[in-house]
Each structure stands twice: as C-alpha cells, then as structure tokens.
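Text of protein04.txt, listed as compact mmCIF, C-alpha atoms:
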# COMPACT_ATOMS: atom_id res chain seq x y z
CA MET A 3 -49.78 32.39 -74.08
CA ASP A 4 -51.97 35.21 -75.34
CA ILE A 5 -55.28 36.77 -74.30
CA ARG A 6 -57.18 35.01 -77.08
CA GLN A 7 -56.19 31.60 -75.74
CA LEU A 8 -57.52 32.56 -72.33
CA GLN A 9 -60.73 33.97 -73.82
CA TYR A 10 -61.37 30.81 -75.85
CA PHE A 11 -60.63 28.49 -72.93
CA SER A 12 -62.83 30.59 -70.59
CA GLU A 13 -65.77 30.39 -72.99
CA VAL A 14 -65.45 26.59 -73.17
CA ALA A 15 -65.30 26.50 -69.36
CA LYS A 16 -68.45 28.64 -69.10
CA GLN A 17 -70.43 26.72 -71.70
CA ARG A 18 -69.09 23.26 -70.74
CA SER A 19 -69.22 22.57 -74.47
CA PHE A 20 -66.85 23.16 -77.39
CA THR A 21 -69.81 23.36 -79.77
CA LYS A 22 -71.65 26.04 -77.81
CA ALA A 23 -68.44 27.97 -77.13
CA ALA A 24 -67.49 27.95 -80.82
CA ARG A 25 -70.92 29.26 -81.72
CA GLN A 26 -70.65 32.01 -79.09
CA LEU A 27 -67.17 33.02 -80.30
CA HIS A 28 -68.07 32.77 -84.00
CA VAL A 29 -65.19 30.39 -84.75
CA THR A 30 -65.06 26.81 -86.01
CA GLN A 31 -64.92 24.02 -83.47
CA PRO A 32 -61.56 22.67 -84.80
CA THR A 33 -60.05 26.16 -84.44
CA LEU A 34 -61.33 26.40 -80.86
CA SER A 35 -60.12 22.90 -79.94
CA LYS A 36 -56.67 23.62 -81.36
CA MET A 37 -56.42 26.91 -79.42
CA VAL A 38 -57.31 25.21 -76.13
CA LYS A 39 -54.92 22.30 -76.84
CA ASN A 40 -52.11 24.79 -77.54
CA LEU A 41 -52.79 26.42 -74.17
CA GLU A 42 -52.64 23.04 -72.44
CA ASP A 43 -49.36 22.20 -74.19
CA GLU A 44 -47.86 25.55 -73.27
CA LEU A 45 -48.84 25.18 -69.60
CA GLU A 46 -47.99 21.45 -69.64
CA VAL A 47 -51.25 20.53 -67.87
CA THR A 48 -54.62 19.08 -68.83
CA LEU A 49 -57.29 21.75 -68.38
CA ILE A 50 -60.37 19.92 -69.65
CA ASP A 51 -61.47 16.35 -68.96
CA ARG A 52 -62.72 15.15 -72.33
CA THR A 53 -63.39 11.54 -71.30
CA ALA A 54 -66.85 12.11 -69.80
CA ARG A 55 -70.02 12.61 -71.84
CA ASN A 56 -70.19 16.20 -70.66
CA ILE A 57 -66.81 17.93 -70.50
CA SER A 58 -65.59 19.21 -67.15
CA LEU A 59 -62.60 21.13 -65.87
CA THR A 60 -59.69 19.44 -64.15
CA ASP A 61 -58.34 20.87 -60.89
CA ALA A 62 -55.74 22.75 -62.94
CA GLY A 63 -58.47 23.91 -65.30
CA GLU A 64 -60.47 25.40 -62.43
CA ILE A 65 -57.41 27.39 -61.31
CA VAL A 66 -56.62 28.64 -64.82
CA PHE A 67 -60.28 29.56 -65.39
CA GLU A 68 -60.41 31.62 -62.20
CA GLN A 69 -57.20 33.49 -63.04
CA ALA A 70 -58.14 33.89 -66.71
CA GLN A 71 -61.34 35.69 -65.69
CA LYS A 72 -59.28 38.23 -63.77
CA VAL A 73 -56.95 38.78 -66.74
CA ILE A 74 -59.83 39.13 -69.20
CA ASN A 75 -61.65 41.57 -66.91
CA SER A 76 -58.47 43.65 -66.55
CA ILE A 77 -58.04 43.85 -70.33
CA GLU A 78 -61.70 44.82 -70.75
CA ASP A 79 -61.32 47.48 -68.05
CA LEU A 80 -58.31 48.89 -69.92
CA SER A 81 -60.28 49.07 -73.18
CA VAL A 82 -63.25 50.72 -71.49
CA SER A 83 -61.00 53.23 -69.70
CA LEU A 84 -59.42 54.29 -72.99
CA TYR A 85 -62.81 54.52 -74.66
CA ASP A 86 -64.07 56.73 -71.84
CA THR A 87 -61.11 59.06 -72.27
CA MET A 88 -61.90 59.51 -75.96
CA ASN A 89 -65.73 59.46 -75.77
CA VAL A 90 -66.71 61.23 -72.60
CA LYS A 91 -70.43 60.66 -72.10
CA LYS A 92 -71.04 58.06 -74.76
CA GLY A 93 -71.30 54.44 -73.78
CA LYS A 94 -73.51 51.60 -72.61
CA ILE A 95 -74.70 50.56 -69.17
CA THR A 96 -76.03 47.06 -68.54
CA ILE A 97 -78.12 46.51 -65.42
CA GLY A 98 -79.34 43.30 -63.82
CA LEU A 99 -82.46 43.43 -61.68
CA PRO A 100 -85.51 41.43 -60.57
CA PRO A 101 -88.75 42.21 -62.48
CA VAL A 102 -90.43 43.65 -59.36
CA ILE A 103 -87.76 46.35 -59.09
CA SER A 104 -87.84 47.14 -62.80
CA THR A 105 -91.61 47.61 -62.74
CA LEU A 106 -91.66 49.83 -59.67
CA PHE A 107 -88.69 52.12 -60.19
CA PHE A 108 -87.00 51.91 -63.54
CA PRO A 109 -89.38 53.86 -65.81
CA ARG A 110 -88.50 56.97 -63.77
CA ILE A 111 -84.79 56.13 -63.60
CA ILE A 112 -84.47 55.55 -67.35
CA ALA A 113 -86.45 58.69 -68.16
CA GLU A 114 -84.12 60.75 -65.96
CA CYS A 115 -81.00 59.15 -67.46
CA GLN A 116 -82.16 59.81 -71.01
CA LYS A 117 -82.69 63.44 -70.09
CA ARG A 118 -79.25 63.80 -68.49
CA PHE A 119 -77.11 61.74 -70.90
CA PRO A 120 -79.14 60.84 -74.01
CA GLU A 121 -76.19 59.25 -75.84
CA VAL A 122 -75.77 56.52 -73.24
CA THR A 123 -77.60 53.24 -73.92
CA ILE A 124 -79.12 51.44 -70.93
CA SER A 125 -79.87 47.71 -71.21
CA LEU A 126 -81.88 45.82 -68.57
CA ILE A 127 -81.54 42.11 -67.82
CA GLU A 128 -84.40 40.85 -65.64
CA VAL A 129 -83.55 37.84 -63.45
CA GLY A 130 -83.88 36.82 -59.81
CA ALA A 131 -81.67 38.51 -57.22
CA GLN A 132 -79.27 35.55 -56.79
CA LYS A 133 -78.58 35.49 -60.53
CA VAL A 134 -78.12 39.27 -60.49
CA GLU A 135 -75.31 38.90 -57.95
CA GLN A 136 -73.61 36.25 -60.08
CA LYS A 137 -73.88 38.35 -63.24
CA VAL A 138 -72.34 41.34 -61.46
CA LEU A 139 -69.40 39.22 -60.26
CA GLU A 140 -68.85 37.70 -63.70
CA GLY A 141 -68.97 41.10 -65.38
CA GLU A 142 -72.07 40.32 -67.46
CA VAL A 143 -73.75 43.43 -66.06
CA ASP A 144 -72.26 46.69 -64.78
CA PHE A 145 -74.66 47.14 -61.87
CA GLY A 146 -77.25 45.05 -60.11
CA PHE A 147 -80.28 45.98 -58.01
CA VAL A 148 -81.07 43.48 -55.25
CA LEU A 149 -82.62 43.04 -51.85
CA LEU A 150 -80.05 43.78 -49.15
CA PRO A 151 -77.97 42.66 -47.35
CA VAL A 152 -75.33 41.15 -49.65
CA ASP A 153 -71.72 40.11 -49.07
CA GLU A 154 -69.92 43.46 -48.82
CA GLU A 155 -66.54 41.78 -49.19
CA ARG A 156 -67.49 41.07 -52.80
CA PHE A 157 -69.71 44.06 -53.59
CA ASP A 158 -69.78 47.81 -53.18
CA VAL A 159 -73.31 48.73 -52.11
CA ILE A 160 -75.38 51.89 -52.54
CA GLU A 161 -78.70 51.82 -50.68
CA PHE A 162 -81.53 52.68 -53.02
CA VAL A 163 -84.90 52.18 -51.31
CA HIS A 164 -85.88 51.51 -47.69
CA GLN A 165 -89.50 50.51 -47.15
CA GLU A 166 -91.45 47.96 -45.13
CA ILE A 167 -93.22 44.79 -46.17
CA LYS A 168 -97.01 44.87 -45.72
CA LEU A 169 -99.71 42.23 -45.56
CA LEU A 170 -102.24 42.05 -48.42
CA VAL A 171 -105.52 40.19 -47.76
CA HIS A 172 -108.98 39.88 -49.28
CA LYS A 173 -111.59 42.24 -47.83
CA SER A 174 -113.50 39.25 -46.39
CA HIS A 175 -110.49 38.05 -44.38
CA PRO A 176 -111.07 38.11 -40.59
CA LEU A 177 -108.12 40.52 -40.20
CA ALA A 178 -109.07 42.81 -43.09
CA ASP A 179 -110.30 45.65 -40.87
CA ARG A 180 -107.27 45.65 -38.56
CA GLU A 181 -104.63 48.41 -38.77
CA GLN A 182 -101.84 46.02 -37.85
CA ILE A 183 -101.34 42.34 -37.08
CA ASP A 184 -98.79 39.92 -35.64
CA LEU A 185 -97.50 37.42 -38.20
CA ILE A 186 -98.36 34.50 -35.92
CA GLU A 187 -102.02 35.31 -36.56
CA LEU A 188 -101.52 34.07 -40.14
CA LYS A 189 -100.26 30.61 -39.20
CA GLU A 190 -103.37 28.90 -40.63
CA ASP A 191 -103.53 31.01 -43.82
CA ALA A 192 -102.45 29.99 -47.31
CA PHE A 193 -99.53 32.12 -48.50
CA LEU A 194 -98.93 33.40 -52.02
CA LEU A 195 -95.24 34.09 -52.65
CA LEU A 196 -92.90 35.29 -55.32
CA SER A 197 -91.05 32.30 -56.76
CA LYS A 198 -87.85 30.90 -55.25
CA GLU A 199 -85.41 32.80 -57.46
CA PHE A 200 -86.50 35.97 -55.66
CA THR A 201 -84.87 36.77 -52.32
CA LEU A 202 -88.23 37.92 -50.91
CA ASN A 203 -89.39 34.28 -51.06
CA SER A 204 -86.75 33.02 -48.61
CA ARG A 205 -86.96 36.17 -46.48
CA THR A 206 -90.73 35.74 -46.09
CA ILE A 207 -90.34 32.13 -45.00
CA GLU A 208 -87.55 33.12 -42.62
CA VAL A 209 -89.53 35.92 -40.96
CA CYS A 210 -92.56 33.62 -40.53
CA ILE A 211 -90.42 30.93 -38.91
CA ASN A 212 -88.96 33.55 -36.57
CA ALA A 213 -92.54 34.50 -35.68
CA GLY A 214 -93.25 30.90 -34.65
CA PHE A 215 -94.68 29.07 -37.69
CA THR A 216 -93.82 27.72 -41.11
CA PRO A 217 -96.04 29.33 -43.76
CA LYS A 218 -98.36 27.13 -45.80
CA ILE A 219 -97.44 28.05 -49.37
CA ALA A 220 -100.35 27.69 -51.78
CA TYR A 221 -98.86 29.26 -54.92
CA GLU A 222 -95.63 30.84 -56.12
CA SER A 223 -95.26 33.14 -59.12
CA SER A 224 -92.64 35.40 -60.68
CA GLN A 225 -95.28 38.10 -61.27
CA TRP A 226 -96.35 40.27 -58.34
CA ASP A 227 -99.50 41.46 -60.12
CA PHE A 228 -100.59 37.85 -60.60
CA ILE A 229 -100.14 37.22 -56.87
CA VAL A 230 -102.17 40.33 -56.02
CA GLY A 231 -104.84 39.12 -58.43
CA MET A 232 -105.06 35.83 -56.54
CA VAL A 233 -105.41 37.73 -53.26
CA SER A 234 -108.33 39.62 -54.83
CA LYS A 235 -109.97 36.24 -55.54
CA ASN A 236 -109.50 35.24 -51.88
CA LEU A 237 -107.01 32.45 -52.70
CA GLY A 238 -104.58 33.40 -49.97
CA VAL A 239 -102.57 36.18 -48.34
CA THR A 240 -99.25 37.68 -49.33
CA LEU A 241 -96.46 39.88 -48.01
CA MET A 242 -95.39 42.57 -50.44
CA PRO A 243 -93.36 45.81 -50.40
CA GLU A 244 -95.35 48.90 -49.46
CA GLN A 245 -94.64 50.35 -52.92
CA ILE A 246 -96.63 47.51 -54.47
CA GLY A 247 -99.39 47.79 -51.88
CA ARG A 248 -99.85 51.44 -52.76
CA ARG A 249 -100.26 50.52 -56.43
CA VAL A 250 -103.14 48.12 -55.78
CA THR A 251 -106.43 49.74 -56.79
CA ASP A 252 -108.61 46.63 -56.46
CA PRO A 253 -111.28 47.41 -53.81
CA ASP A 254 -111.27 43.76 -52.75
CA VAL A 255 -107.68 43.93 -51.47
CA ARG A 256 -106.67 45.42 -48.10
CA MET A 257 -103.16 46.42 -47.00
CA ILE A 258 -102.30 45.93 -43.30
CA HIS A 259 -99.22 46.90 -41.27
CA LEU A 260 -97.15 44.29 -39.43
CA SER A 261 -96.60 44.89 -35.71
CA LYS A 262 -92.95 43.89 -36.05
CA PRO A 263 -91.39 45.74 -38.99
CA PHE A 264 -90.20 43.58 -41.90
CA PRO A 265 -87.78 45.87 -43.78
CA TRP A 266 -87.45 45.81 -47.56
CA VAL A 267 -84.13 47.44 -48.39
CA LEU A 268 -82.97 47.61 -51.99
CA GLY A 269 -79.45 48.40 -53.03
CA MET A 270 -77.42 48.93 -56.15
CA ILE A 271 -74.38 46.65 -56.19
CA LEU A 272 -71.16 46.60 -58.21
CA ALA A 273 -68.20 44.25 -57.99
CA LYS A 274 -65.36 45.30 -55.72
CA ASN A 275 -62.44 47.02 -57.44
CA ARG A 276 -64.06 47.00 -60.89
CA TYR A 277 -63.54 50.04 -63.08
CA VAL A 278 -66.62 52.28 -63.32
CA THR A 279 -67.08 54.10 -66.63
CA TYR A 280 -67.85 57.80 -66.83
CA ALA A 281 -71.39 56.91 -67.88
CA GLY A 282 -71.58 54.51 -64.95
CA LYS A 283 -70.52 57.23 -62.52
CA GLU A 284 -73.21 59.51 -63.93
CA PHE A 285 -75.75 56.71 -63.50
CA ILE A 286 -74.73 56.20 -59.85
CA LYS A 287 -75.03 59.93 -59.25
CA THR A 288 -78.53 59.94 -60.79
CA VAL A 289 -79.69 56.99 -58.68
CA LYS A 290 -78.39 58.63 -55.49
CA GLU A 291 -80.28 61.82 -56.26
CA LEU A 292 -83.50 59.96 -57.05
CA HIS A 293 -83.08 57.93 -53.85
CA GLU A 294 -84.52 60.82 -51.86
CA GLY A 295 -87.83 60.52 -53.71
CA TRP A 296 -88.61 56.96 -52.63
Could you spell out this file's structure in structure tokens?
Amino acid sequence: MDIRQLQYFSEVAKQRSFTKAARQLHVTQPTLSKMVKNLEDELEVTLIDRTARNISLTDAGEIVFEQAQKVINSIEDLSVSLYDTMNVKKGKITIGLPPVISTLFFPRIIAECQKRFPEVTISLIEVGAQKVEQKVLEGEVDFGFVLLPVDEERFDVIEFVHQEIKLLVHKSHPLADREQIDLIELKEDAFLLLSKEFTLNSRTIEVCINAGFTPKIAYESSQWDFIVGMVSKNLGVTLMPEQIGRRVTDPDVRMIHLSKPFPWVLGMILAKNRYVTYAGKEFIKTVKELHEGW
C-alpha cells in the first residue's frame, strides 16, 4: 500500500464517480480503476460497491476512507512543515467564510495582511457557515469564519467580533420611531431572512420561537443588501447584525434595538490538532490585533 493508492481511492470516495475523480487527478479512468482495485486486493476487502447506478462505499470502504483522510492530511502537514522551514514567510492561506462576513470585514483584513506579509497569497472561498465548517474539517481551507458557537471538540476557536442583532424596518412601520422593541411585537410582520445555508437564518427563527411566535417568512436571499433593499420598499422586516445596520444609508430604513439582546458572535475556526503554517500563525496574530477595532 502506498500514499498514492489512498489518494486515488479517497478522490473516488469524495466524487462518488471514477470519471470525475480521474478528471480531478489528471489520470485516465483505467489507471484509476486499476489503482483502486490493487488497493482492494491488497487489503482483501471490497471498498466500492460498483453494482448500483451510482457507486457507493461499502462498510469497509467507509472505514478506509476515514483513515485515509488522516494519513493524507498527515503527509500534507509534513510537506507544509518542511516548506515553512525553507521559506519562512512565503505561502498561501485559504479561508472559508460567508459572503456577509467577507463584505463587512475582509477588505481591511486583507489590506493589513498584504502590508505585513506581502509574499503570502490569501484566497477566499465564500459559502454558507455550515459548508465552511465542513471545508475546515476536510482540509479544503486553512481557516473558517463562522457564527459561534461551534463544536469545540472538533475546532479551535478564536473570537473575532461580538455585536448584537438589530431590527431593520421601513420608516412607515408602526414601530419605526421606537428605540427598542420586544420581538413578540413582530409576530404579524413578514420577515426577510438570509437564506438557509446561513446560520443566521436558523438562529433568527429560533430566537423568534423562544419569544413566543414562529416568524412569517416572506423572502429569503443570500445577499444582505438585497434584503435591506426590500425593507426600504416596505416588503417586510429583517434582523441583521449592527455592523450592517450602520452601513445602511437609505433614509427609508430605521434600525431599532431589541429589548432582549440577540448576540452575533463571529469566530475564526481551525481543525483541532492541524498544523498551522508560519503564514497562518501570522494571519491569526493579525486577526487578533484587528479584533479590538470591531
């Protein structure tokens, strides 16, 4: 058994397709099939069920896939560690984060990083918070930025921003001139929410239910500025982080405090026990120092 066999099998397991895996690995499909078959013969087990229309892993395949990921990650960590030793501040950092976070905070973060370590490349992958967590665990990204809390048995967490969620309403809304409101007062209103892949969606529904009602959801969108635009057209109300509320310049939109605080706590997460590159450590240090400004 060698590392390449495990890498090839793992890619097939991820893609659930020999064709897609071969394309991803830049090898021919017969070469890939032979490599996986050799691994099965060596282990004397069937790893992939090829009888169904869509291939799936056997019970043994699931176990080998889980362990193979650990081996592959360890080898990658070794390579990165050696590279760091030879190339101190050079490198690449890949970050997963929801679009809301990237819009609000990352122009400043990237500008500061470029000033401090210009030879380090930073790549951003914008997805919902749940996918960010998965990408961090699978090693597709070095760090993730998500709404806390998360499972701290799987992640190391560095708190990044602590703000409160505020209510945004149209100026003609009956509550528009209030300084603060109870959520129950919105039980008859139409709600405009970020889409379901964002943790704020489920948290908003949860906090409304705890207040005594299930929100009537009129629209969902992945773009916070689109939601604010709908509020300005009096199509509903929304709950958004204070940082977004402060950015709204439309005179038709009012921001109101909630009587019971609804915290919005962002954190940077990394997988437990994963090696952190020199560049990654510098990035963490930068984020911690900028944390004081938000």
- line: Correct to one decimal, the distance atom CA of Glu128 of chain A-atom CA of Leu272 of chain A is 16.2 Å
- request: Tell me which protein, DNA and RNA residues are within 9 Å of Lys173 of chain A, counting only C-alpha atoms, leaving out same-chain ones fewer than 2 positions away, and put them as a list in words.
  value: Val171, His175, Pro176, Leu177, Ala178, Asp179, Ser234, Asn236, Pro253, Asp254, Val255 and Arg256 of chain A
message: Would you compute the distance between atom CA of Val47 of chain A and atom CA of Ala15 of chain A? Give it in Å to one decimal.
response: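 So the answer is 15.3 Å.
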message: With distances taken over only C-alpha atoms, which residue among A:Arg6, A:Arg118, A:Thr96, A:Leu34 lies nearest Val73 of chain A?
response: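 Using only C-alpha atoms, Val73 of chain A sits closest to A:Arg6.
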message: With distances taken over only C-alpha atoms, which residue among A:Ser125, A:Gln7, A:Thr288, A:Thr206 lies nearest Phe264 of chain A?
response: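 Closest to Phe264 of chain A of all the choices is A:Thr206.
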- request: Would you please work out which residue, of A:Val278, A:Ile97, A:Val209, A:Ile124, is nearest to Asp79 of chain A when using only C-alpha atoms?
  value: A:Val278
- prompt: Of the candidates A:Ile50, A:Leu195, A:Met37, A:Ile74, which shows the shortest atom-to-atom distance to Arg18 of chain A, using only C-alpha atoms?
  reply: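 Of all the options, A:Ile50 lies closest to Arg18 of chain A.
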- request: List the neighbours of Pro265 of chain A out to 7 Å using all atoms listed in the file; skip same-chain residues closer than 5 positions along the sequence, and give me the result as a ChimeraX atom specification.
  value: /A:165-167
message: Which residues are close to Ala24 of chain A, i.e. within 10 Å by all atoms listed in the file, leaving aside same-chain residues fewer than 3 positions away? Reply as a list in words.
response: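 Those residues are Tyr10, Glu13, Val14, Gln17, Ser19, Phe20, Thr21, Leu27, His28, Val29, Thr30, Gln31, Pro32, Thr33, Leu34 and Ser35 of chain A.
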- prompt: For the atom pair atom CA of Met3 of chain A and atom CA of Ala273 of chain A, what is the interatomic distance in Å to one decimal place?
  reply: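 Atom CA of Ala273 of chain A lies 27.2 Å from atom CA of Met3 of chain A.
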Please report as a tab-separated table every residue of segment 60-149 of chain A lying within 9 Å of segment 212-227 of chain A, along with the nearest atom pair and their distance in Å (one decimal), using all atoms listed in the file.
residue	atom	partner	partner_atom	distance
A:Pro101	CA	A:Gln225	CA	7.8
A:Val102	CA	A:Trp226	CA	6.9
A:Gly130	CA	A:Ser224	CA	8.9
Output segment 214-237 of chain A from the block with N, CA and C atoms, as a tab-separated table (two decimals), in the first residue's frame?
chain	number	residue	atom	x	y	z
A	214	GLY	N	-42.00	33.48	21.47
A	214	GLY	CA	-43.42	33.13	21.53
A	214	GLY	C	-44.14	33.07	20.21
A	215	PHE	N	-43.42	33.10	19.08
A	215	PHE	CA	-44.10	33.03	17.77
A	215	PHE	C	-43.16	32.47	16.72
A	216	THR	N	-43.75	31.93	15.67
A	216	THR	CA	-42.98	31.46	14.52
A	216	THR	C	-43.04	32.54	13.45
A	217	PRO	N	-41.90	33.04	13.01
A	217	PRO	CA	-41.91	34.16	12.05
A	217	PRO	C	-42.53	33.77	10.70
A	218	LYS	N	-43.24	34.70	10.12
A	218	LYS	CA	-43.81	34.51	8.78
A	218	LYS	C	-42.76	34.97	7.76
A	219	ILE	N	-42.14	34.02	7.09
A	219	ILE	CA	-41.03	34.34	6.19
A	219	ILE	C	-41.56	34.66	4.81
A	220	ALA	N	-41.34	35.88	4.37
A	220	ALA	CA	-41.81	36.32	3.05
A	220	ALA	C	-40.80	36.02	1.96
A	221	TYR	N	-39.52	36.34	2.24
A	221	TYR	CA	-38.46	36.13	1.25
A	221	TYR	C	-37.18	35.71	1.95
A	222	GLU	N	-36.36	34.96	1.24
A	222	GLU	CA	-35.01	34.62	1.69
A	222	GLU	C	-34.03	34.95	0.57
A	223	SER	N	-32.85	35.41	0.93
A	223	SER	CA	-31.85	35.76	-0.08
A	223	SER	C	-30.45	35.55	0.51
A	224	SER	N	-29.49	35.29	-0.35
A	224	SER	CA	-28.10	35.15	0.10
A	224	SER	C	-27.39	36.50	0.16
A	225	GLN	N	-28.07	37.58	-0.24
A	225	GLN	CA	-27.45	38.90	-0.30
A	225	GLN	C	-28.10	39.84	0.72
A	226	TRP	N	-27.31	40.28	1.70
A	226	TRP	CA	-27.88	41.15	2.74
A	226	TRP	C	-28.34	42.48	2.17
A	227	ASP	N	-27.62	43.02	1.16
A	227	ASP	CA	-28.02	44.31	0.62
A	227	ASP	C	-29.35	44.21	-0.14
A	228	PHE	N	-29.62	43.04	-0.72
A	228	PHE	CA	-30.92	42.84	-1.38
A	228	PHE	C	-32.04	42.84	-0.35
A	229	ILE	N	-31.79	42.19	0.79
A	229	ILE	CA	-32.80	42.15	1.85
A	229	ILE	C	-33.07	43.56	2.38
A	230	VAL	N	-32.00	44.33	2.61
A	230	VAL	CA	-32.17	45.71	3.08
A	230	VAL	C	-32.95	46.52	2.05
A	231	GLY	N	-32.68	46.27	0.77
A	231	GLY	CA	-33.41	46.96	-0.29
A	231	GLY	C	-34.89	46.65	-0.24
A	232	MET	N	-35.26	45.41	0.09
A	232	MET	CA	-36.68	45.07	0.20
A	232	MET	C	-37.31	45.73	1.42
A	233	VAL	N	-36.53	45.86	2.51
A	233	VAL	CA	-37.05	46.60	3.67
A	233	VAL	C	-37.35	48.03	3.27
A	234	SER	N	-36.47	48.63	2.47
A	234	SER	CA	-36.67	50.03	2.04
A	234	SER	C	-37.91	50.19	1.17
A	235	LYS	N	-38.37	49.09	0.57
A	235	LYS	CA	-39.60	49.12	-0.24
A	235	LYS	C	-40.81	48.66	0.57
A	236	ASN	N	-40.62	48.53	1.89
A	236	ASN	CA	-41.69	48.18	2.82
A	236	ASN	C	-42.29	46.80	2.52
A	237	LEU	N	-41.40	45.84	2.17
A	237	LEU	CA	-41.85	44.48	1.87
A	237	LEU	C	-41.71	43.54	3.07
